[in-house]
$ cat upload.txt   # compact mmCIF, C-alpha atoms and all ligand atoms
# COMPACT_ATOMS: atom_id res chain seq x y z
CA MET A 1 -5.42 9.72 11.91
CA LYS A 2 -6.72 10.87 15.28
CA ILE A 3 -7.91 8.89 18.30
CA ALA A 4 -11.35 10.41 18.82
CA GLY A 5 -12.59 8.16 21.62
CA THR A 6 -11.72 5.12 23.73
CA GLY A 7 -13.68 2.40 25.51
CA ARG A 8 -13.28 -0.87 27.40
CA ALA A 9 -15.29 -3.68 28.95
CA MET A 10 -14.03 -6.24 31.43
CA PRO A 11 -15.56 -9.52 32.68
CA SER A 12 -17.15 -9.34 36.13
CA LEU A 13 -15.30 -12.34 37.60
CA SER A 14 -11.99 -11.39 39.19
CA VAL A 15 -9.65 -14.31 39.96
CA ASN A 16 -6.79 -13.43 42.30
CA ASN A 17 -3.57 -15.36 42.84
CA ASP A 18 -4.83 -16.90 46.09
CA MET A 19 -7.81 -18.37 44.21
CA LEU A 20 -5.38 -19.96 41.73
CA SER A 21 -3.32 -21.42 44.55
CA VAL A 22 -6.39 -23.47 45.52
CA ILE A 23 -6.47 -25.27 42.15
CA LEU A 24 -2.75 -25.22 41.27
CA ASP A 25 0.61 -25.70 42.98
CA THR A 26 1.34 -21.96 42.95
CA ASN A 27 1.17 -18.95 45.25
CA ASP A 28 0.74 -15.18 45.22
CA GLU A 29 4.41 -14.59 45.99
CA TRP A 30 5.66 -16.55 42.94
CA ILE A 31 3.16 -15.02 40.52
CA SER A 32 3.45 -11.42 41.70
CA THR A 33 7.24 -11.30 41.94
CA ARG A 34 7.80 -13.02 38.55
CA THR A 35 5.06 -11.23 36.62
CA GLY A 36 3.55 -8.34 38.62
CA ILE A 37 0.09 -9.94 38.24
CA ARG A 38 -2.18 -10.06 41.31
CA GLU A 39 -5.55 -10.73 39.70
CA ARG A 40 -7.13 -11.20 36.28
CA ARG A 41 -10.69 -11.07 34.89
CA ILE A 42 -12.10 -14.29 33.43
CA LEU A 43 -15.21 -14.63 31.25
CA SER A 44 -17.64 -16.88 33.09
CA LYS A 45 -21.27 -15.71 32.81
CA GLU A 46 -20.77 -13.21 29.99
CA ARG A 47 -19.81 -13.96 26.38
CA LEU A 48 -16.85 -12.35 24.63
CA GLU A 49 -19.30 -10.94 22.07
CA ASP A 50 -21.09 -9.01 24.86
CA LEU A 51 -17.82 -7.58 26.11
CA ALA A 52 -16.81 -6.59 22.59
CA VAL A 53 -20.14 -4.83 22.03
CA SER A 54 -19.85 -2.94 25.34
CA ALA A 55 -16.29 -1.78 24.58
CA ALA A 56 -17.32 -0.69 21.07
CA ARG A 57 -20.34 1.25 22.40
CA ALA A 58 -18.18 2.93 25.08
CA ALA A 59 -15.66 4.09 22.45
CA LEU A 60 -18.44 5.45 20.23
CA VAL A 61 -19.94 7.40 23.14
CA SER A 62 -16.48 8.70 24.10
CA ALA A 63 -15.90 9.88 20.50
CA ASN A 64 -19.45 11.20 20.15
CA VAL A 65 -19.77 9.25 16.91
CA ALA A 66 -22.87 7.26 15.90
CA ALA A 67 -22.36 3.61 14.95
CA SER A 68 -24.05 4.39 11.61
CA ASP A 69 -21.24 6.88 10.84
CA ILE A 70 -18.47 4.28 11.21
CA ASP A 71 -17.38 3.27 7.72
CA TYR A 72 -14.97 0.43 8.62
CA MET A 73 -14.50 -1.89 11.57
CA ILE A 74 -11.32 -3.84 12.35
CA CYS A 75 -11.44 -6.35 15.17
CA SER A 76 -8.28 -7.86 16.61
CA ASN A 77 -8.99 -11.28 18.09
CA VAL A 78 -7.13 -14.56 18.56
CA ILE A 79 -10.00 -16.79 19.65
CA ASN A 80 -13.74 -16.53 20.32
CA ASN A 81 -16.85 -18.71 20.21
CA PHE A 82 -16.97 -18.71 16.42
CA VAL A 83 -14.45 -19.59 13.77
CA THR A 84 -16.87 -18.01 11.35
CA PRO A 85 -18.54 -15.53 11.08
CA SER A 86 -15.93 -13.12 12.35
CA LEU A 87 -16.34 -11.35 15.68
CA SER A 88 -16.55 -7.98 13.93
CA CYS A 89 -19.58 -9.21 11.91
CA ILE A 90 -21.33 -10.18 15.14
CA VAL A 91 -20.52 -6.85 16.83
CA GLN A 92 -21.56 -4.84 13.75
CA GLY A 93 -25.12 -6.20 13.96
CA GLU A 94 -25.39 -5.62 17.72
CA ILE A 95 -24.23 -1.99 17.58
CA GLU A 96 -26.22 -1.36 14.39
CA ALA A 97 -23.30 -0.25 12.26
CA ARG A 98 -23.42 -0.81 8.50
CA CYS A 99 -19.75 -0.80 7.52
CA PRO A 100 -17.46 -3.50 6.12
CA CYS A 101 -15.98 -5.62 8.91
CA LEU A 102 -12.73 -7.49 9.19
CA ASP A 103 -11.04 -9.58 11.89
CA ILE A 104 -7.28 -9.74 12.14
CA ASN A 105 -5.07 -12.03 14.17
CA ALA A 106 -1.63 -10.62 14.91
CA ALA A 107 -1.75 -12.10 18.44
CA CYS A 108 -0.87 -9.61 21.19
CA SER A 109 0.42 -7.07 18.64
CA GLY A 110 -3.05 -6.86 17.05
CA PHE A 111 -3.88 -3.36 18.28
CA ILE A 112 -0.79 -1.82 16.66
CA TYR A 113 -1.40 -3.81 13.45
CA ALA A 114 -5.05 -2.66 13.39
CA LEU A 115 -4.02 0.97 13.90
CA ASP A 116 -1.53 0.65 11.05
CA LEU A 117 -4.24 -0.71 8.72
CA ALA A 118 -6.68 1.99 9.84
CA ASP A 119 -4.08 4.68 9.18
CA ALA A 120 -3.65 3.40 5.61
CA LEU A 121 -7.43 3.32 5.01
CA LEU A 122 -7.86 6.85 6.35
CA LYS A 123 -4.87 8.23 4.44
CA THR A 124 -6.13 6.85 1.14
CA GLY A 125 -9.63 8.20 1.77
CA ARG A 126 -11.18 4.71 1.75
CA ALA A 127 -12.67 5.46 5.17
CA HIS A 128 -13.21 8.50 7.39
CA LYS A 129 -14.25 6.97 10.70
CA ILE A 130 -12.97 3.59 11.82
CA LEU A 131 -13.74 1.49 14.86
CA VAL A 132 -10.82 -0.63 16.06
CA LEU A 133 -11.87 -3.21 18.59
CA CYS A 134 -9.62 -5.67 20.44
CA ALA A 135 -11.55 -8.42 22.20
CA GLU A 136 -9.66 -11.34 23.66
CA GLN A 137 -10.36 -14.49 25.63
CA PRO A 138 -7.04 -16.25 26.28
CA SER A 139 -8.76 -18.17 29.11
CA ARG A 140 -10.24 -20.40 26.33
CA MET A 141 -6.77 -21.42 25.17
CA VAL A 142 -4.65 -21.91 28.26
CA ASN A 143 -4.29 -25.24 29.96
CA TRP A 144 -5.77 -24.57 33.40
CA LYS A 145 -3.60 -27.40 34.79
CA ASP A 146 -0.38 -25.76 33.58
CA ARG A 147 0.73 -23.27 36.25
CA SER A 148 3.43 -21.85 34.01
CA THR A 149 0.94 -20.41 31.49
CA CYS A 150 -2.59 -20.08 32.90
CA VAL A 151 -1.59 -17.68 35.68
CA LEU A 152 -0.37 -15.14 33.12
CA PHE A 153 -3.54 -14.42 31.14
CA GLY A 154 -6.93 -12.74 31.51
CA ASP A 155 -9.87 -11.71 29.29
CA GLY A 156 -11.09 -8.26 28.24
CA ALA A 157 -11.94 -5.84 25.44
CA GLY A 158 -10.77 -2.37 24.47
CA ALA A 159 -11.73 -0.12 21.56
CA VAL A 160 -10.90 3.17 19.90
CA VAL A 161 -12.69 5.31 17.33
CA LEU A 162 -10.31 6.78 14.75
CA THR A 163 -11.04 9.66 12.40
CA ASP A 164 -9.22 11.46 9.61
CA GLU A 165 -9.65 14.86 11.30
CA SER A 166 -5.95 15.40 12.08
CA GLU A 167 -2.53 13.84 11.57
CA ASP A 168 -1.69 12.79 15.13
CA PHE A 169 0.17 9.56 14.32
CA LYS A 170 3.84 10.35 13.75
CA ALA A 171 5.29 6.89 13.07
CA PHE A 172 4.51 3.19 12.72
CA LYS A 173 6.94 0.29 12.82
CA ILE A 174 5.49 -3.18 12.57
CA SER A 175 7.37 -6.42 12.01
CA THR A 176 6.92 -10.16 11.80
CA VAL A 177 9.67 -12.75 12.14
CA SER A 178 8.34 -16.26 11.63
CA LYS A 179 9.16 -18.02 14.90
CA THR A 180 6.29 -20.25 15.83
CA ASP A 181 7.82 -22.60 18.43
CA PRO A 182 8.05 -20.25 21.44
CA LEU A 183 4.28 -19.72 21.62
CA TYR A 184 1.43 -21.50 19.85
CA TYR A 185 -1.99 -23.06 20.24
CA GLN A 186 -3.19 -25.71 17.84
CA ARG A 187 -6.90 -25.74 16.95
CA ALA A 188 -8.69 -29.08 17.47
CA MET A 189 -10.04 -30.74 14.30
CA GLU A 190 -13.58 -31.99 13.79
CA TYR A 191 -14.02 -35.72 13.16
CA ASN A 192 -13.07 -36.55 9.59
CA PRO A 193 -13.34 -40.17 8.41
CA PHE A 194 -10.31 -39.73 6.12
CA VAL A 195 -7.92 -38.21 8.63
CA MET A 196 -6.22 -39.82 11.61
CA LEU A 197 -6.83 -37.43 14.52
CA PRO A 198 -4.14 -36.85 17.14
CA ASP A 199 -4.82 -38.46 20.55
CA SER A 200 -5.52 -35.13 22.20
CA ASP A 201 -5.62 -31.43 21.35
CA ALA A 202 -2.53 -29.46 22.10
CA PRO A 203 -3.16 -26.75 24.71
CA MET A 204 -1.26 -23.47 24.58
CA ILE A 205 2.47 -24.15 24.49
CA MET A 206 4.85 -21.44 25.62
CA ASN A 207 8.56 -21.24 26.26
CA GLY A 208 8.46 -18.42 28.80
CA LYS A 209 12.18 -17.62 28.82
CA GLU A 210 12.37 -17.52 25.01
CA VAL A 211 9.29 -15.28 24.79
CA PHE A 212 10.76 -12.98 27.45
CA LYS A 213 13.97 -12.47 25.45
CA LEU A 214 12.13 -12.00 22.13
CA ALA A 215 9.76 -9.53 23.77
CA VAL A 216 12.51 -7.32 25.17
CA SER A 217 14.63 -7.32 21.99
CA SER A 218 11.75 -6.75 19.52
CA CYS A 219 10.13 -4.07 21.67
CA LEU A 220 13.40 -2.17 22.07
CA SER A 221 14.13 -2.37 18.36
CA ASP A 222 10.60 -1.20 17.39
CA ILE A 223 10.68 1.66 19.90
CA LYS A 224 14.04 2.91 18.61
CA GLN A 225 12.94 2.65 14.97
CA ALA A 226 9.61 4.39 15.63
CA LEU A 227 11.42 7.22 17.47
CA SER A 228 13.84 7.61 14.60
CA LEU A 229 11.00 7.64 12.01
CA ALA A 230 9.20 10.33 14.03
CA GLY A 231 12.41 12.33 14.53
CA LYS A 232 12.02 12.10 18.30
CA THR A 233 14.21 11.09 21.21
CA VAL A 234 13.45 8.76 24.10
CA ALA A 235 12.97 11.82 26.33
CA ASP A 236 10.37 13.40 23.98
CA ILE A 237 7.83 10.72 24.88
CA ASN A 238 5.46 11.53 27.76
CA TYR A 239 4.05 8.01 28.14
CA TYR A 240 5.14 4.56 27.01
CA LEU A 241 2.18 2.19 26.81
CA LEU A 242 3.63 -1.28 26.45
CA HIS A 243 1.85 -4.59 25.97
CA GLN A 244 1.00 -5.80 29.47
CA ALA A 245 2.49 -9.31 29.40
CA ASN A 246 4.83 -9.23 32.36
CA LEU A 247 5.88 -6.32 34.60
CA ARG A 248 9.46 -7.62 34.48
CA ILE A 249 9.46 -7.33 30.67
CA ILE A 250 8.21 -3.74 30.96
CA GLN A 251 10.83 -2.95 33.62
CA SER A 252 13.65 -4.48 31.57
CA ILE A 253 12.74 -2.30 28.58
CA ARG A 254 12.38 0.78 30.77
CA GLU A 255 15.79 0.21 32.37
CA LEU A 256 17.47 -0.34 28.98
CA LEU A 257 15.96 2.93 27.71
CA GLU A 258 16.91 4.64 31.00
CA ILE A 259 13.52 6.28 31.58
CA SER A 260 11.73 6.98 34.86
CA GLU A 261 8.94 4.65 36.06
CA ASP A 262 6.21 7.32 35.92
CA LYS A 263 6.39 7.27 32.11
CA PHE A 264 5.43 3.57 32.02
CA PRO A 265 1.86 3.29 33.32
CA HIS A 266 0.62 -0.28 33.83
CA ASN A 267 -2.46 -2.23 34.87
CA ILE A 268 -1.12 -5.78 34.51
CA GLU A 269 -1.47 -6.22 38.28
CA ARG A 270 -5.27 -6.09 37.89
CA TYR A 271 -5.81 -7.79 34.52
CA GLY A 272 -2.86 -10.01 33.59
CA ASN A 273 -2.07 -10.38 29.90
CA ILE A 274 -5.22 -9.67 27.84
CA SER A 275 -3.44 -10.10 24.53
CA SER A 276 -4.18 -7.37 21.96
CA ALA A 277 -6.75 -5.77 24.29
CA SER A 278 -4.10 -4.84 26.83
CA ILE A 279 -3.00 -1.50 25.31
CA PRO A 280 -6.48 -0.18 24.38
CA VAL A 281 -7.78 -1.07 27.86
CA LEU A 282 -4.85 0.77 29.47
CA LEU A 283 -5.32 3.68 27.06
CA ASP A 284 -8.99 3.96 28.02
CA GLU A 285 -8.26 3.82 31.75
CA LEU A 286 -5.67 6.60 31.44
CA HIS A 287 -7.95 8.67 29.22
CA GLU A 288 -10.80 8.26 31.71
CA ALA A 289 -8.49 9.24 34.60
CA GLY A 290 -7.52 12.44 32.73
CA THR A 291 -3.85 11.44 32.66
CA PHE A 292 -3.18 12.63 29.12
CA LYS A 293 -2.98 16.31 28.26
CA LYS A 294 -3.49 17.73 24.75
CA GLY A 295 -0.13 17.62 22.98
CA ASP A 296 1.28 14.71 25.03
CA THR A 297 3.29 12.28 22.93
CA ILE A 298 2.47 8.62 23.55
CA LEU A 299 4.41 5.63 22.30
CA MET A 300 2.58 2.29 22.15
CA SER A 301 4.50 -0.95 21.66
CA ALA A 302 3.37 -4.58 21.60
CA PHE A 303 4.71 -8.05 20.83
CA GLY A 304 3.13 -11.45 20.50
CA ALA A 305 3.01 -14.93 19.04
CA GLY A 306 4.26 -15.22 15.49
CA PHE A 307 6.58 -13.56 16.40
CA THR A 308 4.85 -10.24 15.70
CA SER A 309 5.64 -6.85 17.13
CA GLY A 310 4.91 -3.21 16.48
CA ALA A 311 5.19 0.31 17.83
CA CYS A 312 3.59 3.63 16.98
CA ILE A 313 3.78 7.20 18.19
CA VAL A 314 0.73 9.45 18.59
CA GLU A 315 0.21 13.00 19.74
CA TRP A 316 -2.83 13.14 22.03
CA SER A 317 -5.43 15.65 20.84
CA ILE A 318 -8.68 15.05 22.76
N1 LIG B 1 3.88 -21.04 40.46
C1 LIG B 1 4.94 -21.58 41.07
N2 LIG B 1 6.00 -22.07 40.41
C2 LIG B 1 5.98 -21.99 39.08
C3 LIG B 1 4.90 -21.42 38.36
C4 LIG B 1 3.83 -20.95 39.10
N3 LIG B 1 2.74 -20.38 38.54
N4 LIG B 1 5.17 -21.49 37.04
C5 LIG B 1 6.38 -22.06 36.91
N5 LIG B 1 6.87 -22.36 38.15
C6 LIG B 1 8.13 -22.97 38.50
C7 LIG B 1 8.73 -23.78 37.35
O1 LIG B 1 8.18 -25.06 37.33
C8 LIG B 1 10.19 -23.78 37.71
O2 LIG B 1 10.40 -24.76 38.70
P1 LIG B 1 11.76 -25.63 38.70
O3 LIG B 1 12.87 -24.63 38.84
O4 LIG B 1 11.57 -26.53 39.86
O5 LIG B 1 11.78 -26.32 37.37
C9 LIG B 1 10.41 -22.42 38.38
O6 LIG B 1 9.10 -21.96 38.75
C10 LIG B 1 11.05 -21.38 37.49
O7 LIG B 1 10.40 -21.38 36.25
P2 LIG B 1 10.91 -20.50 35.08
O8 LIG B 1 10.13 -20.84 33.86
O9 LIG B 1 12.39 -20.57 35.03
O10 LIG B 1 10.51 -19.04 35.58
P3 LIG B 1 10.83 -17.67 34.91
O11 LIG B 1 11.59 -16.84 35.86
O12 LIG B 1 11.37 -17.79 33.50
O13 LIG B 1 9.39 -17.02 34.79
C11 LIG B 1 7.61 -16.63 33.25
C12 LIG B 1 8.41 -17.66 34.01
C13 LIG B 1 6.89 -15.75 34.26
C14 LIG B 1 6.59 -17.35 32.39
C15 LIG B 1 8.56 -15.76 32.40
O14 LIG B 1 9.44 -16.58 31.65
C16 LIG B 1 7.79 -14.89 31.44
O15 LIG B 1 7.03 -14.03 31.84
N6 LIG B 1 7.97 -15.04 30.14
C17 LIG B 1 7.24 -14.28 29.15
C18 LIG B 1 5.88 -14.82 29.04
C19 LIG B 1 4.99 -13.95 28.21
O16 LIG B 1 5.09 -12.75 28.28
N7 LIG B 1 4.10 -14.57 27.44
C20 LIG B 1 3.19 -13.96 26.61
C21 LIG B 1 3.84 -12.97 25.70
S1 LIG B 1 3.25 -12.93 24.08
C22 LIG B 1 1.71 -12.72 24.26
O17 LIG B 1 1.32 -11.85 25.02
C23 LIG B 1 0.81 -13.66 23.59
$ encode --input "upload.txt" --output "structure tokens" --more "lines below"
Ligand code: ACO
Amino acid sequence: MKIAGTGRAMPSLSVNNDMLSVILDTNDEWISTRTGIRERRILSKERLEDLAVSAARAALVSANVAASDIDYMICSNVINNFVTPSLSCIVQGEIEARCPCLDINAACSGFIYALDLADALLKTGRAHKILVLCAEQPSRMVNWKDRSTCVLFGDGAGAVVLTDESEDFKAFKISTVSKTDPLYYQRAMEYNPFVMLPDSDAPMIMNGKEVFKLAVSSCLSDIKQALSLAGKTVADINYYLLHQANLRIIQSIRELLEISEDKFPHNIERYGNISSASIPVLLDELHEAGTFKKGDTILMSAFGAGFTSGACIVEWSI
């Protein structure tokens, strides 16, 4: 599998920490020192579907691949306007692709899970060109009165086009350990005359300290296992692209691996945590900036609710 092109689309509304301090008992100092986040994008006028379509189109242009040539689409998404049909079905029609479409929900690890599925489809010859799209709107789920969660998240979409033209992916390690209490969001139920409804819907519930510890330990374990599977050392990696959930999580992992800061690019300060879209958005920004050189080895690692996590190693070839 080869990454042939990348794309992203972000909402136009930028909400900085000072704007949050007007509606919540919080401040820029608390948010930026604890998380690294200074602003995030929030969907207001646009729809997530529009963002997803723009990111998909940008990746297709970047890869120089026509939508009609895509023979499978995987969309990673936790929540959007529709429970059904899936987001990928909606996007497929808008971009005029004709392939089978599938949504997956592996929370913030969704990009790595989607890449792993795509790799299997390409290796078995079931597909030759795959569009992986991560479109996320955590702003729909957070309780905007809860300062301990809503300040962390933002919306956005990132995409990649994958082809079977070369074998650039050197290792995958994905894992799930059922641990639902630290982070969950319960869907509200429609009125049903036979069921007693709860008094109110549960907003997103998160135990920040627990998630922090799980994130560091799972990420470290996945990184080490992926390196071992690829026969590489920590020093062989040119760039570590980690899920952008909290700069302190990224720094803790970096310090434990004893690697210099320049190998850990980040954009969390501008976007907050955009769930599974965080790595593909960062990937696209770095690709656009010309950061990667042909032959660079990139390790991507993510973690999320579930508790899911995953890492993979790719040699850059575009
Ligand atoms: N502004 C000001 N004060 C706040 C805020 C805020 N936005 N949020 C919480 N506080 C207060 C708390 O009420 C608490 O006050 P108290 O001491 O009077 O009780 C104090 O700050 C400290 O709170 P802690 O929860 O102890 O702060 P902590 O240092 O653990 O940082 C944080 C909290 C930033 C949430 C951290 O635990 C974290 O980042 N965890 C990981 C979260 C995460 O990554 N989630 C998503 C990952 S998975 C996925 O991406 C879906």
$ closest_residue --input "upload.txt" --among "A:Ile279, A:Val160, A:Leu183, A:Val78" --to "A:Arg140" --atoms "all atoms listed in the file"
A:Val78
$ residues_around --input "upload.txt" --residues "A:Ile23" --least-positions-apart "3" --cutoff "9 Å" --atoms "all atoms listed in the file" --output "list in words"
Met19, Leu20, Thr26, Trp144 and Lys145 of chain A
$ write_last_selection --input "upload.txt" --atoms "C-alpha atoms" --output "CSV table (one decimal), in the coordinates of the input"
chain,number,residue,atom,x,y,z
A,19,MET,CA,-7.8,-18.4,44.2
A,20,LEU,CA,-5.4,-20.0,41.7
A,26,THR,CA,1.3,-22.0,43.0
A,144,TRP,CA,-5.8,-24.6,33.4
A,145,LYS,CA,-3.6,-27.4,34.8
$ residues_near_ligand --input "upload.txt" --ligand "ligand LIG 1 (chain B)" --cutoff "7 Å" --atoms "all atoms listed in the file" --output "PyMOL selection string"
chain A and resi 25-27+30-31+34-35+107-108+147-149+151+208-209+211-212+245-246+273+275+303-305
$ closest_residue --input "upload.txt" --among "A:Cys134, A:Ser252, A:Ile259, A:Ala289" --to "A:Thr233" --atoms "all atoms listed in the file"
A:Ile259
$ atom_distance --input "upload.txt" --atom1 "atom CA of A:Arg248" --atom2 "atom CA of A:Val132"
28.3 Å
$ closest_residue --input "upload.txt" --among "A:Asn238, A:Asn64, A:Gln251, A:Asn16" --to "A:Lys294" --atoms "all atoms listed in the file"
A:Asn238
$ residues_near_point --input "upload.txt" --point "(2.8, -10.5, 36.9)" --cutoff "7 Å" --atoms "only C-alpha atoms" --output "ChimeraX atom specification"
/A:31-38,152,246-247,268-269,272
$ closest_residue --input "upload.txt" --among "A:His128, A:Glu315, A:Ala114, A:Glu96" --to "A:Asp236" --atoms "only C-alpha atoms"
A:Glu315
$ closest_residue --input "upload.txt" --among "A:Ala277, A:Ala226, A:Ile42, A:Leu162" --to "A:His243" --atoms "all atoms listed in the file"
A:Ala277
$ residues_around --input "upload.txt" --residues "A:Arg8" --least-positions-apart "2" --cutoff "9 Å" --atoms "all atoms listed in the file" --output "ChimeraX atom specification"
/A:6,10,51-52,54-59,156-160,277,280-282,284-285
$ atom_distance --input "upload.txt" --atom1 "atom CA of A:Gln137" --atom2 "atom CA of A:Val53"
14.2 Å
$ axis_aligned_box --input "upload.txt" --around "stretch 259-272 of chain A" --padding-each-side "3 Å" --output "lines of an AutoDock Vina configuration file"
center_x = 3.9
center_y = -1.3
center_z = 34.9
size_x = 25.3
size_y = 23.3
size_z = 12.7
$ atom_distance --input "upload.txt" --atom1 "atom CA of A:Ile79" --atom2 "atom CA of A:Tyr185"
10.2 Å
$ closest_residue --input "upload.txt" --among "A:Arg187, A:Lys123, A:Lys179, A:His266" --to "A:Asn207" --atoms "all atoms listed in the file"
A:Lys179
$ residues_around --input "upload.txt" --residues "A:Arg126" --least-positions-apart "3" --cutoff "12 Å" --atoms "all atoms listed in the file" --output "JSON, numbers by chain"
{"A": [70, 71, 72, 99, 100, 117, 118, 119, 120, 121, 122, 123, 129, 130, 163, 164]}
$ residues_near_point --input "upload.txt" --point "(14.6, 8.4, 26.1)" --cutoff "10 Å" --atoms "only C-alpha atoms" --output "number ranges by chain"
A: 223-224, 227, 232-238, 254, 256-260
$ residues_around --input "upload.txt" --residues "A:Leu102" --least-positions-apart "2" --cutoff "7 Å" --atoms "only C-alpha atoms" --output "PyMOL selection string"
chain A and resi 73-75+88+100+104
